[in-house]
Structures are given as structure tokens and as C-alpha cells.
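Structure file upload32.cif (mmCIF, C-alpha atoms) is printed below.
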```cif
data_start
#
loop_
_atom_site.label_atom_id
_atom_site.label_comp_id
_atom_site.auth_asym_id
_atom_site.auth_seq_id
_atom_site.Cartn_x
_atom_site.Cartn_y
_atom_site.Cartn_z
CA MET A 1367 -154.79 59.66 -16.39
CA PRO A 1368 -158.37 60.99 -16.25
CA GLN A 1369 -158.52 64.36 -14.49
CA SER A 1370 -161.48 65.94 -12.75
CA ARG A 1371 -162.79 69.26 -14.00
CA PRO A 1372 -164.58 71.82 -11.86
CA LEU A 1373 -168.32 71.91 -12.34
CA ALA A 1374 -170.41 74.95 -11.68
CA ARG A 1375 -172.53 74.43 -8.61
CA PRO A 1376 -176.22 74.97 -9.30
CA ARG A 1377 -177.73 77.71 -7.23
CA GLY A 1378 -179.00 76.41 -3.92
CA VAL A 1379 -176.84 73.30 -3.64
CA ALA A 1380 -174.54 74.70 -0.94
CA GLY A 1381 -176.53 72.86 1.67
CA PHE A 1382 -176.91 69.69 -0.41
CA ARG A 1383 -176.48 66.52 1.62
CA ILE A 1384 -174.90 63.52 -0.08
CA ASP A 1385 -177.22 60.54 -0.03
CA PRO A 1386 -175.45 57.33 1.11
CA PHE A 1387 -177.41 55.55 -1.63
CA ASP A 1388 -175.69 57.72 -4.23
CA LEU A 1389 -172.30 56.78 -2.80
CA ARG A 1390 -173.21 53.10 -3.10
CA LEU A 1391 -174.41 53.71 -6.66
CA PHE A 1392 -171.16 55.47 -7.54
CA GLY A 1393 -169.15 52.62 -6.02
CA ALA A 1394 -171.12 50.03 -8.01
CA VAL A 1395 -170.66 51.98 -11.25
CA ALA A 1396 -166.93 52.49 -10.66
CA GLU A 1397 -166.45 48.81 -9.80
CA ALA A 1398 -168.33 47.63 -12.89
CA GLY A 1399 -166.90 50.28 -15.22
CA SER A 1400 -170.40 50.80 -16.56
CA ILE A 1401 -173.35 52.96 -15.52
CA THR A 1402 -175.73 50.37 -16.94
CA ALA A 1403 -174.22 47.55 -14.86
CA GLY A 1404 -174.07 49.72 -11.75
CA ALA A 1405 -177.69 50.77 -12.19
CA ARG A 1406 -178.72 47.14 -12.58
CA GLU A 1407 -176.91 46.20 -9.36
CA MET A 1408 -178.68 49.01 -7.50
CA HIS A 1409 -182.07 48.16 -9.09
CA LEU A 1410 -182.36 51.50 -10.88
CA SER A 1411 -183.17 52.42 -14.44
CA LEU A 1412 -180.29 53.76 -16.51
CA SER A 1413 -181.86 57.23 -16.69
CA ALA A 1414 -182.42 57.37 -12.92
CA ALA A 1415 -178.86 56.27 -12.20
CA SER A 1416 -177.41 58.81 -14.67
CA ALA A 1417 -179.46 61.61 -13.12
CA ARG A 1418 -178.34 60.71 -9.59
CA LEU A 1419 -174.69 60.60 -10.67
CA GLN A 1420 -174.96 63.98 -12.40
CA ASN A 1421 -176.56 65.49 -9.30
CA LEU A 1422 -173.76 64.03 -7.19
CA GLU A 1423 -171.14 65.57 -9.48
CA HIS A 1424 -172.82 68.97 -9.31
CA ALA A 1425 -173.16 68.75 -5.55
CA LEU A 1426 -169.43 68.04 -5.19
CA GLY A 1427 -168.38 70.49 -7.88
CA ALA A 1428 -166.20 68.01 -9.81
CA ALA A 1429 -166.59 65.44 -12.56
CA LEU A 1430 -166.35 61.96 -11.06
CA LEU A 1431 -166.42 59.82 -14.20
CA VAL A 1432 -165.01 59.95 -17.70
CA ARG A 1433 -167.75 58.57 -19.93
CA SER A 1434 -167.10 56.86 -23.26
CA LYS A 1435 -168.63 54.19 -25.49
CA GLN A 1436 -166.44 51.63 -23.72
CA GLY A 1437 -167.84 52.51 -20.28
CA VAL A 1438 -166.74 54.81 -17.49
CA VAL A 1439 -163.45 55.41 -15.65
CA PRO A 1440 -163.20 57.37 -12.37
CA THR A 1441 -161.40 60.70 -12.51
CA ASP A 1442 -158.92 61.70 -9.80
CA ALA A 1443 -161.87 63.18 -7.91
CA GLY A 1444 -163.80 59.97 -8.50
CA ARG A 1445 -161.01 57.86 -7.04
CA THR A 1446 -160.89 60.14 -4.00
CA LEU A 1447 -164.64 59.85 -3.54
CA ARG A 1448 -164.49 56.08 -3.99
CA ARG A 1449 -161.88 55.78 -1.26
CA HIS A 1450 -163.90 57.87 1.17
CA ALA A 1451 -167.17 56.24 0.10
CA GLY A 1452 -165.73 52.82 0.97
CA ARG A 1453 -164.74 54.08 4.40
CA LEU A 1454 -168.15 55.67 4.97
CA GLN A 1455 -169.96 52.54 3.85
CA ARG A 1456 -167.84 50.40 6.14
CA ASP A 1457 -168.50 52.79 9.01
CA MET A 1458 -172.24 52.71 8.35
CA GLU A 1459 -172.24 48.90 8.22
CA ALA A 1460 -170.21 48.80 11.42
CA LEU A 1461 -172.60 51.28 13.02
CA HIS A 1462 -175.65 49.15 12.19
CA ALA A 1463 -173.91 45.95 13.30
CA GLU A 1464 -172.63 47.39 16.55
CA MET A 1465 -175.91 49.11 17.43
CA SER A 1466 -177.66 45.80 16.81
CA ALA A 1467 -175.03 44.13 18.96
CA HIS A 1468 -175.69 46.64 21.75
CA ALA A 1469 -179.29 45.55 21.75
CA HIS A 1470 -178.12 42.00 22.43
CA GLY A 1471 -175.58 42.96 25.05
CA VAL A 1472 -172.59 42.72 22.67
CA ARG A 1473 -170.43 45.82 22.36
CA SER A 1474 -168.23 45.21 19.32
CA SER A 1475 -168.05 43.33 16.01
CA VAL A 1476 -164.90 42.71 13.95
CA ARG A 1477 -164.98 41.77 10.27
CA VAL A 1478 -162.16 39.45 9.20
CA LEU A 1479 -161.42 38.27 5.65
CA CYS A 1480 -159.00 35.40 5.14
CA ASN A 1481 -157.76 32.78 2.70
CA THR A 1482 -158.59 29.06 2.83
CA ALA A 1483 -155.67 27.96 5.00
CA ALA A 1484 -156.41 30.56 7.66
CA MET A 1485 -160.14 29.85 7.55
CA THR A 1486 -159.97 26.07 7.84
CA GLU A 1487 -156.80 25.34 9.79
CA TYR A 1488 -155.40 28.25 11.78
CA LEU A 1489 -158.22 30.51 12.90
CA PRO A 1490 -160.83 28.16 14.42
CA ALA A 1491 -158.78 27.22 17.49
CA LEU A 1492 -157.39 30.74 17.90
CA LEU A 1493 -160.79 32.40 17.58
CA GLY A 1494 -162.25 29.99 20.09
CA ARG A 1495 -159.77 31.17 22.70
CA PHE A 1496 -160.26 34.81 21.73
CA LEU A 1497 -164.06 34.70 21.88
CA VAL A 1498 -164.05 32.99 25.26
CA ALA A 1499 -161.68 35.63 26.59
CA HIS A 1500 -163.71 38.49 25.01
CA PRO A 1501 -167.44 37.79 25.48
CA ASP A 1502 -168.24 41.37 24.41
CA ILE A 1503 -166.78 40.94 20.88
CA ASP A 1504 -168.28 39.17 17.85
CA VAL A 1505 -166.23 38.14 14.79
CA ASP A 1506 -167.67 38.23 11.27
CA LEU A 1507 -165.41 35.78 9.39
CA ARG A 1508 -165.45 35.28 5.61
CA GLU A 1509 -163.23 33.28 3.25
CA LEU A 1510 -161.92 34.89 0.06
CA GLY A 1511 -158.91 34.41 -2.18
CA SER A 1512 -155.95 36.58 -1.22
CA PRO A 1513 -156.39 39.04 -4.15
CA ASP A 1514 -160.07 39.52 -3.22
CA VAL A 1515 -159.15 40.05 0.43
CA LEU A 1516 -156.77 42.83 -0.59
CA ARG A 1517 -159.31 44.50 -2.89
CA THR A 1518 -161.90 44.52 -0.11
CA MET A 1519 -159.36 45.77 2.44
CA ARG A 1520 -158.37 48.64 0.15
CA GLN A 1521 -162.03 49.60 -0.09
CA GLU A 1522 -162.05 49.52 3.73
CA HIS A 1523 -164.89 47.02 3.93
CA ALA A 1524 -163.15 44.89 6.58
CA ASP A 1525 -161.10 45.39 9.72
CA ILE A 1526 -158.47 42.64 9.31
CA GLY A 1527 -157.34 40.63 6.31
CA ILE A 1528 -155.20 37.49 6.23
CA VAL A 1529 -153.47 36.80 2.91
CA ALA A 1530 -150.61 34.78 1.48
CA ASP A 1531 -147.48 36.78 0.73
CA TYR A 1532 -147.53 36.17 -3.02
CA VAL A 1533 -149.88 39.16 -3.49
CA ASP A 1534 -148.96 42.84 -3.56
CA THR A 1535 -149.95 44.40 -0.22
CA GLU A 1536 -148.86 47.93 -1.12
CA GLY A 1537 -151.00 50.52 0.65
CA LEU A 1538 -151.78 48.27 3.60
CA SER A 1539 -150.04 47.72 6.92
CA THR A 1540 -148.85 44.10 7.22
CA ARG A 1541 -147.17 41.83 9.72
CA VAL A 1542 -146.25 38.14 9.50
CA PHE A 1543 -148.85 35.82 10.96
CA LEU A 1544 -147.83 32.21 10.21
CA GLU A 1545 -146.04 30.09 7.62
CA ASP A 1546 -148.25 28.00 5.36
CA ARG A 1547 -146.81 25.20 3.20
CA LEU A 1548 -148.70 23.31 0.52
CA VAL A 1549 -148.26 19.56 0.07
CA VAL A 1550 -149.63 16.84 -2.18
CA LEU A 1551 -151.94 14.14 -0.84
CA GLN A 1552 -151.84 10.86 -2.76
CA PRO A 1553 -153.63 7.57 -2.15
CA VAL A 1554 -151.14 4.95 -0.96
CA GLN A 1555 -151.89 2.66 -3.86
CA ALA A 1556 -150.91 5.44 -6.29
CA GLY A 1557 -147.89 6.86 -4.52
CA GLY A 1558 -146.73 4.17 -2.14
CA ARG A 1559 -145.05 4.89 1.17
CA ALA A 1560 -141.52 4.57 -0.20
CA GLY A 1561 -141.53 7.76 -2.21
CA ARG A 1562 -141.45 10.82 0.04
CA ARG A 1563 -139.32 13.09 -2.12
CA ALA A 1564 -140.63 16.53 -2.99
CA LEU A 1565 -142.75 16.85 -6.13
CA ARG A 1566 -142.99 19.71 -8.56
CA PHE A 1567 -146.49 20.88 -9.40
CA ALA A 1568 -145.70 20.07 -13.03
CA ASP A 1569 -145.24 16.42 -12.00
CA VAL A 1570 -148.85 16.10 -10.86
CA ILE A 1571 -150.73 18.73 -12.85
CA ASP A 1572 -152.11 16.17 -15.31
CA ARG A 1573 -153.35 13.81 -12.59
CA PRO A 1574 -157.05 13.76 -11.59
CA PHE A 1575 -157.68 16.02 -8.60
CA VAL A 1576 -160.23 16.26 -5.83
CA GLY A 1577 -160.59 19.65 -4.22
CA LEU A 1578 -162.61 22.41 -2.67
CA PRO A 1579 -165.27 24.41 -4.57
CA ALA A 1580 -163.96 26.41 -7.52
CA GLU A 1581 -164.67 29.71 -5.76
CA SER A 1582 -162.54 28.87 -2.71
CA GLY A 1583 -159.30 30.76 -2.28
CA LEU A 1584 -157.13 27.64 -2.47
CA SER A 1585 -158.82 26.35 -5.64
CA ARG A 1586 -158.43 29.69 -7.37
CA PHE A 1587 -154.78 29.91 -6.36
CA LEU A 1588 -153.97 26.42 -7.68
CA GLN A 1589 -155.86 27.05 -10.91
CA ALA A 1590 -153.83 30.24 -11.40
CA GLN A 1591 -150.59 28.28 -10.95
CA ALA A 1592 -151.75 25.73 -13.53
CA LEU A 1593 -152.67 28.45 -16.01
CA ARG A 1594 -149.21 29.98 -15.63
CA GLN A 1595 -147.93 26.72 -17.07
CA GLY A 1596 -150.46 26.86 -19.88
CA ARG A 1597 -152.51 23.99 -18.48
CA GLY A 1598 -155.64 23.37 -16.44
CA LEU A 1599 -156.60 21.12 -13.57
CA HIS A 1600 -159.03 18.23 -13.99
CA HIS A 1601 -161.17 17.90 -10.86
CA ARG A 1602 -163.12 14.69 -10.60
CA VAL A 1603 -165.13 16.11 -7.73
CA ARG A 1604 -165.24 19.17 -5.48
CA VAL A 1605 -166.38 19.05 -1.86
CA ARG A 1606 -166.92 21.57 0.92
CA SER A 1607 -164.20 20.62 3.41
CA LEU A 1608 -160.59 19.44 3.53
CA ASP A 1609 -161.74 16.50 5.65
CA ALA A 1610 -163.88 15.33 2.74
CA VAL A 1611 -161.00 15.96 0.31
CA ALA A 1612 -158.69 13.73 2.36
CA ALA A 1613 -161.33 10.99 2.57
CA LEU A 1614 -161.71 10.97 -1.22
CA VAL A 1615 -157.95 10.84 -1.70
CA ALA A 1616 -157.77 7.89 0.70
CA ASP A 1617 -160.41 6.12 -1.38
CA GLY A 1618 -158.30 6.59 -4.51
CA ALA A 1619 -160.53 9.14 -6.24
CA GLY A 1620 -157.61 11.45 -7.05
CA ILE A 1621 -154.88 13.57 -5.54
CA ALA A 1622 -155.09 16.91 -3.77
CA VAL A 1623 -152.95 19.89 -2.82
CA VAL A 1624 -153.66 21.10 0.71
CA PRO A 1625 -151.95 23.06 3.50
CA ALA A 1626 -149.35 20.99 5.37
CA VAL A 1627 -151.07 21.69 8.68
CA ALA A 1628 -154.26 20.12 7.29
CA ALA A 1629 -152.32 17.13 5.95
CA ALA A 1630 -150.84 16.52 9.40
CA ARG A 1631 -154.32 16.66 10.95
CA LEU A 1632 -155.85 14.39 8.32
CA ALA A 1633 -152.98 11.88 8.00
CA SER A 1634 -153.95 8.22 7.71
CA ALA A 1635 -152.38 4.92 6.65
CA ARG A 1636 -154.17 5.24 3.30
CA ILE A 1637 -152.62 8.60 2.36
CA THR A 1638 -149.10 9.57 1.34
CA VAL A 1639 -148.02 13.17 1.91
CA ARG A 1640 -145.44 14.60 -0.49
CA PRO A 1641 -143.92 18.11 -0.19
CA LEU A 1642 -144.30 20.50 -3.12
CA ALA A 1643 -140.93 21.75 -4.34
CA ASP A 1644 -142.24 24.89 -6.10
CA ALA A 1645 -141.19 28.14 -4.41
CA TRP A 1646 -144.79 29.39 -4.34
CA ALA A 1647 -145.81 26.36 -2.24
CA THR A 1648 -144.16 27.83 0.84
CA ARG A 1649 -146.08 30.95 1.78
CA ARG A 1650 -146.21 33.29 4.72
CA LEU A 1651 -149.63 34.39 5.88
CA LEU A 1652 -149.82 38.12 6.55
CA LEU A 1653 -152.14 40.10 8.80
CA CYS A 1654 -153.32 43.21 6.93
CA THR A 1655 -154.96 46.39 8.16
CA ALA A 1656 -155.64 49.79 6.61
CA VAL A 1657 -152.75 52.22 7.02
CA ASP A 1658 -154.76 55.36 7.71
CA ALA A 1659 -157.71 53.90 9.64
CA GLU A 1660 -157.67 53.61 13.40
CA PRO A 1661 -159.01 50.14 14.31
CA GLY A 1662 -161.88 49.93 16.74
CA ALA A 1663 -161.32 48.48 20.18
CA GLY A 1664 -162.51 45.01 19.13
CA ALA A 1665 -160.37 44.95 15.97
CA ALA A 1666 -157.34 46.18 17.91
CA ALA A 1667 -157.83 43.46 20.52
CA LEU A 1668 -158.13 40.71 17.90
CA LEU A 1669 -155.15 42.01 15.92
CA ARG A 1670 -153.03 42.05 19.07
CA PHE A 1671 -154.16 38.52 19.96
CA LEU A 1672 -153.38 37.10 16.51
CA SER A 1673 -150.01 38.86 16.41
CA GLU A 1674 -149.02 37.39 19.74
CA ALA A 1675 -150.19 33.93 18.66
CA SER A 1676 -147.94 33.91 15.59
#
```

Serialized structure, C-alpha cells:
Amino acid sequence: MPQSRPLARPRGVAGFRIDPFDLRLFGAVAEAGSITAGAREMHLSLSAASARLQNLEHALGAALLVRSKQGVVPTDAGRTLRRHAGRLQRDMEALHAEMSAHAHGVRSSVRVLCNTAAMTEYLPALLGRFLVAHPDIDVDLRELGSPDVLRTMRQEHADIGIVADYVDTEGLSTRVFLEDRLVVLQPVQAGGRAGRRALRFADVIDRPFVGLPAESGLSRFLQAQALRQGRGLHHRVRVRSLDAVAALVADGAGIAVVPAVAAARLASARITVRPLADAWATRRLLLCTAVDAEPGAGAAALLRFLSEAS
């Protein structure tokens, strides 16, 4: 494990103030594992980025990165700085957002990251009720795959995360939100109404699919399940919404795997819904928050509301 080593502080740096830009640069370099890539992301030359990182190390009195031909790896001190830098960056973003909100008469903003099922099926109705009841709170909602939600939560760049329980939530505080089951949509002419037995994913993996964009959380999850079986999914078309997915299935363009709650909403005489028998198809959605960060008033209110709604 890379260890930090004390660095001699240059004379006169006792009053050195850490530039937030340098923290962002360090975070970009640590994330990329490369000073060159981090410099590119921050629109700096390699020499300028290296100089800023060296000054940051001297200011803090510890080596932050282990440098090699393969790239860079944070030291123990670097990991500590990265954790605090993420919190500081989140706090600065929240400060700018909330001060802007004050100017518009809004007192709080809550950033929520969630997977596809939560984004499309569960949250819209719940957030509508919450926002009506809390006119002084805004919600910044973004869809990500569950692993990406967790990575962002651990960097403390969001207030609340909603993930499926197949991911490792170690280091975060979690509580059960809702149960989410995945089912197969088939056109009636392909599946018929007589067959309603559960299907294994392996039974349909070679069929043509219609689905959401490749970057959506659900698409990435299903692709990962296919790869675990040494296969891939053939998508005839990808569209932006589950409503469009269901319409294409009804037309006979292919099959789809969607949350059961969406299938119930989108049911029609031209679609057959079949349960998925795989254990991973029945998932619990979890509400996640940082363990050691006190949520703001808006985040606490939303977390309490979602917990009571589950």
C-alpha cells in the first residue's frame, strides 16, 4: 500500500492557502490515474499541472501521489485529501447552488442520484408530492447506474443515492426503499398469452432486444448480466423512454426487460409480460447517504419523506 512521506515545508508556506482549483486538479488526476489525463481534463499543460501538484504536496507537508511509468496512485495522505476534497467540492457546489436559490426565493437544493427504475417509475409521483409540500426546496435529480451512484456518493458529490441491492454499499448508511422486480416484455405474436411461466435470462438472451440508451443504468446492468454468461445482447434499437420501449415491443420489433412496475403501467393487449426467474431480477432499492456527513435540512426532509413512503 503506498505510504505518504513527510516533505519539508518550504520557508514561508505556513500561511499557504489551498486553492480549490488545485483540489479539483488532484481529484481529476487521482480519478484518471494519470497526471497527463488530469491536466487535460482541467485544461492545463502537463508542466503546469505537475508544478501545482508539487506545490500542493509541499504546502501540506506530505507526498500525495506515487509516480511511476504506469501512472500515479494516491498515497494514504492522498486518499485522505481526496476524501476531504470531495466533501469540500460538494460543499462549494451546494453553496453556489443554494446562494443562487436564495436569490430566487428558494432556500435549499438537494442532489439525488438514482438508477433507472427509481428515475422513471418510482420517484416522479413521490417527488411531485414532496415538491408541492416543500416549495422552498429544489431537487437536482440525475440517473446513473448503481455502481456509479455509489462512487459519486463516496466522493460526497450528492446528498441521497438510490441503488439496487446487488452492489456493495460498504461505507454508506442505507435503508430499504422499495422492491424492484424485472420482467420480460414480449409481443403477443411471439410469446402468446398462454405462456406466463417465469423465464430465465438465458432463455431470451439471444433474442433481439429493444431498450434504453446504452449509458442508462438498466442497460448497463443487463449487459453486465449477459457478459457474466459470456454473451452479449443484440439491440435492434434504443430509445429514450420505457413508454417507447413498450410500444416497439407491441409492434413486434423485439423483446425487452423492464421493471415490473413499468410493465404494469404499460400493459396492453399486444404485450405479454413474463417474470424473470433469475435471483438478480428481484432487487431491493436502497436509500444511501454518507455515514459521517450531516444532511442539510432539505436533504433530511426528502430522506424522511422517501423513507416514510417506502

Item to check | the PyMOL selection byres ((chain A and resi 1620) around 8) applied to the shown file, residues as a ChimeraX atom specification | outcome: /A:1552-1553,1573-1576,1602,1614-1615,1618-1619,1621-1622

Item to check | Nearest to Glu1459 in chain A by atom-to-atom distance, counting all atoms listed in the file, from A:Ala1405, A:Ser1416, A:Asp1525, A:Ser1400 | outcome: A:Asp1525

Next on the checklist: As a check of understanding, name the residues that the PyMOL selection byres ((chain A and resi 1539) around 12) selects in the supplied structure, as a PyMOL selection string.
Outcome noted: chain A and resi 1516+1519-1520+1525-1528+1534-1538+1540-1542+1652-1661+1669

Checklist entry - Any idea what's packed within 10 Å of Val1505 in chain A, counting all atoms listed in the file, ignoring anything in its chain fewer than 3 positions away? Could you give it as a ChimeraX atom specification? => result /A:1474-1478,1493,1496-1497,1508,1664-1665,1668

Item to check | Residues returned when the PyMOL selection byres ((chain A and resi 1523) around 8) runs on this file, as a list in words | outcome: Gly1452, Arg1453, Gln1455, Arg1456, Thr1518, Met1519, Arg1520, Gln1521, Glu1522, Ala1524 and Asp1525 of chain A

Checklist entry - Counting only C-alpha atoms, which of A:Leu1548, A:Val1639, A:Ala1610, A:Ala1564 gets nearest to Val1623 in chain A? => result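 Closest residue, counting only C-alpha atoms: A:Leu1548.
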
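Going from CA of Leu1642 in chain A over to CA of His1601 in chain A, you cover 18.7 Å.
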
What would the file be for range 1514-1525 of chain A if you keep all heavy atoms and write it as a CSV table (one decimal), in the first residue's frame?
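What ended up in selection-v3.csv:
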```csv
chain,number,residue,atom,x,y,z
A,1514,ASP,N,-22.1,3.6,-10.3
A,1514,ASP,CA,-21.7,5.0,-10.5
A,1514,ASP,C,-22.4,5.9,-9.4
A,1514,ASP,O,-21.7,6.8,-8.9
A,1514,ASP,CB,-22.1,5.5,-11.8
A,1514,ASP,CG,-21.4,4.8,-13.0
A,1514,ASP,OD1,-20.2,4.5,-12.7
A,1514,ASP,OD2,-22.0,4.6,-14.0
A,1515,VAL,N,-23.6,5.5,-9.0
A,1515,VAL,CA,-24.2,6.2,-7.9
A,1515,VAL,C,-23.3,6.1,-6.6
A,1515,VAL,O,-23.0,7.1,-5.9
A,1515,VAL,CB,-25.6,5.7,-7.6
A,1515,VAL,CG1,-26.2,6.3,-6.3
A,1515,VAL,CG2,-26.6,6.1,-8.7
A,1516,LEU,N,-22.9,4.9,-6.3
A,1516,LEU,CA,-22.1,4.6,-5.1
A,1516,LEU,C,-20.8,5.4,-5.2
A,1516,LEU,O,-20.3,5.9,-4.2
A,1516,LEU,CB,-21.9,3.1,-5.0
A,1516,LEU,CG,-23.1,2.3,-4.6
A,1516,LEU,CD1,-22.7,0.8,-4.4
A,1516,LEU,CD2,-23.7,2.8,-3.3
A,1517,ARG,N,-20.1,5.3,-6.3
A,1517,ARG,CA,-18.8,6.0,-6.5
A,1517,ARG,C,-19.0,7.5,-6.2
A,1517,ARG,O,-18.2,8.1,-5.5
A,1517,ARG,CB,-18.2,5.8,-7.8
A,1517,ARG,CG,-16.9,6.4,-8.0
A,1517,ARG,CD,-16.2,6.0,-9.3
A,1517,ARG,NE,-16.9,6.2,-10.5
A,1517,ARG,CZ,-17.5,5.3,-11.2
A,1517,ARG,NH1,-17.5,4.0,-10.8
A,1517,ARG,NH2,-18.2,5.6,-12.3
A,1518,THR,N,-20.0,8.1,-6.7
A,1518,THR,CA,-20.3,9.5,-6.5
A,1518,THR,C,-20.7,9.8,-5.1
A,1518,THR,O,-20.2,10.8,-4.5
A,1518,THR,CB,-21.4,10.0,-7.5
A,1518,THR,OG1,-21.1,9.6,-8.8
A,1518,THR,CG2,-21.5,11.5,-7.4
A,1519,MET,N,-21.5,8.9,-4.5
A,1519,MET,CA,-21.8,9.1,-3.1
A,1519,MET,C,-20.6,9.1,-2.2
A,1519,MET,O,-20.4,9.9,-1.3
A,1519,MET,CB,-22.8,8.1,-2.6
A,1519,MET,CG,-24.2,8.2,-3.2
A,1519,MET,SD,-25.1,9.7,-2.7
A,1519,MET,CE,-25.1,9.5,-0.9
A,1520,ARG,N,-19.7,8.1,-2.5
A,1520,ARG,CA,-18.5,8.0,-1.7
A,1520,ARG,C,-17.6,9.2,-1.8
A,1520,ARG,O,-16.8,9.5,-0.9
A,1520,ARG,CB,-17.7,6.7,-2.0
A,1520,ARG,CG,-18.5,5.5,-1.6
A,1520,ARG,CD,-17.6,4.2,-1.7
A,1520,ARG,NE,-18.3,3.1,-1.2
A,1520,ARG,CZ,-18.8,2.0,-1.9
A,1520,ARG,NH1,-18.6,2.0,-3.2
A,1520,ARG,NH2,-19.4,1.0,-1.3
A,1521,GLN,N,-17.6,9.9,-2.9
A,1521,GLN,CA,-16.9,11.1,-3.1
A,1521,GLN,C,-17.7,12.3,-2.6
A,1521,GLN,O,-17.2,13.5,-2.7
A,1521,GLN,CB,-16.6,11.3,-4.6
A,1521,GLN,CG,-15.7,10.3,-5.2
A,1521,GLN,CD,-15.6,10.4,-6.7
A,1521,GLN,OE1,-16.2,11.2,-7.4
A,1521,GLN,NE2,-14.7,9.6,-7.3
A,1522,GLU,N,-18.8,12.1,-2.0
A,1522,GLU,CA,-19.7,13.1,-1.4
A,1522,GLU,C,-20.1,14.2,-2.3
A,1522,GLU,O,-20.1,15.4,-2.0
A,1522,GLU,CB,-19.0,13.6,-0.1
A,1522,GLU,CG,-18.7,12.5,0.9
A,1522,GLU,CD,-18.4,13.1,2.3
A,1522,GLU,OE1,-18.6,14.3,2.5
A,1522,GLU,OE2,-18.0,12.3,3.2
A,1523,HIS,N,-20.4,13.8,-3.6
A,1523,HIS,CA,-20.9,14.7,-4.5
A,1523,HIS,C,-22.4,14.7,-4.7
A,1523,HIS,O,-23.0,15.3,-5.6
A,1523,HIS,CB,-20.3,14.4,-5.9
A,1523,HIS,CG,-18.8,14.7,-5.9
A,1523,HIS,ND1,-18.0,14.3,-7.0
A,1523,HIS,CD2,-18.0,15.3,-5.1
A,1523,HIS,CE1,-16.7,14.7,-6.7
A,1523,HIS,NE2,-16.7,15.3,-5.6
A,1524,ALA,N,-23.1,14.1,-3.8
A,1524,ALA,CA,-24.6,14.0,-3.8
A,1524,ALA,C,-25.1,13.8,-2.4
A,1524,ALA,O,-24.3,13.4,-1.5
A,1524,ALA,CB,-25.1,12.9,-4.7
A,1525,ASP,N,-26.3,14.2,-2.2
A,1525,ASP,CA,-26.9,14.1,-0.8
A,1525,ASP,C,-27.6,12.7,-0.6
A,1525,ASP,O,-27.4,12.2,0.5
A,1525,ASP,CB,-28.0,15.2,-0.6
A,1525,ASP,CG,-27.4,16.6,-0.8
A,1525,ASP,OD1,-26.6,17.0,0.1
A,1525,ASP,OD2,-27.8,17.3,-1.7
```
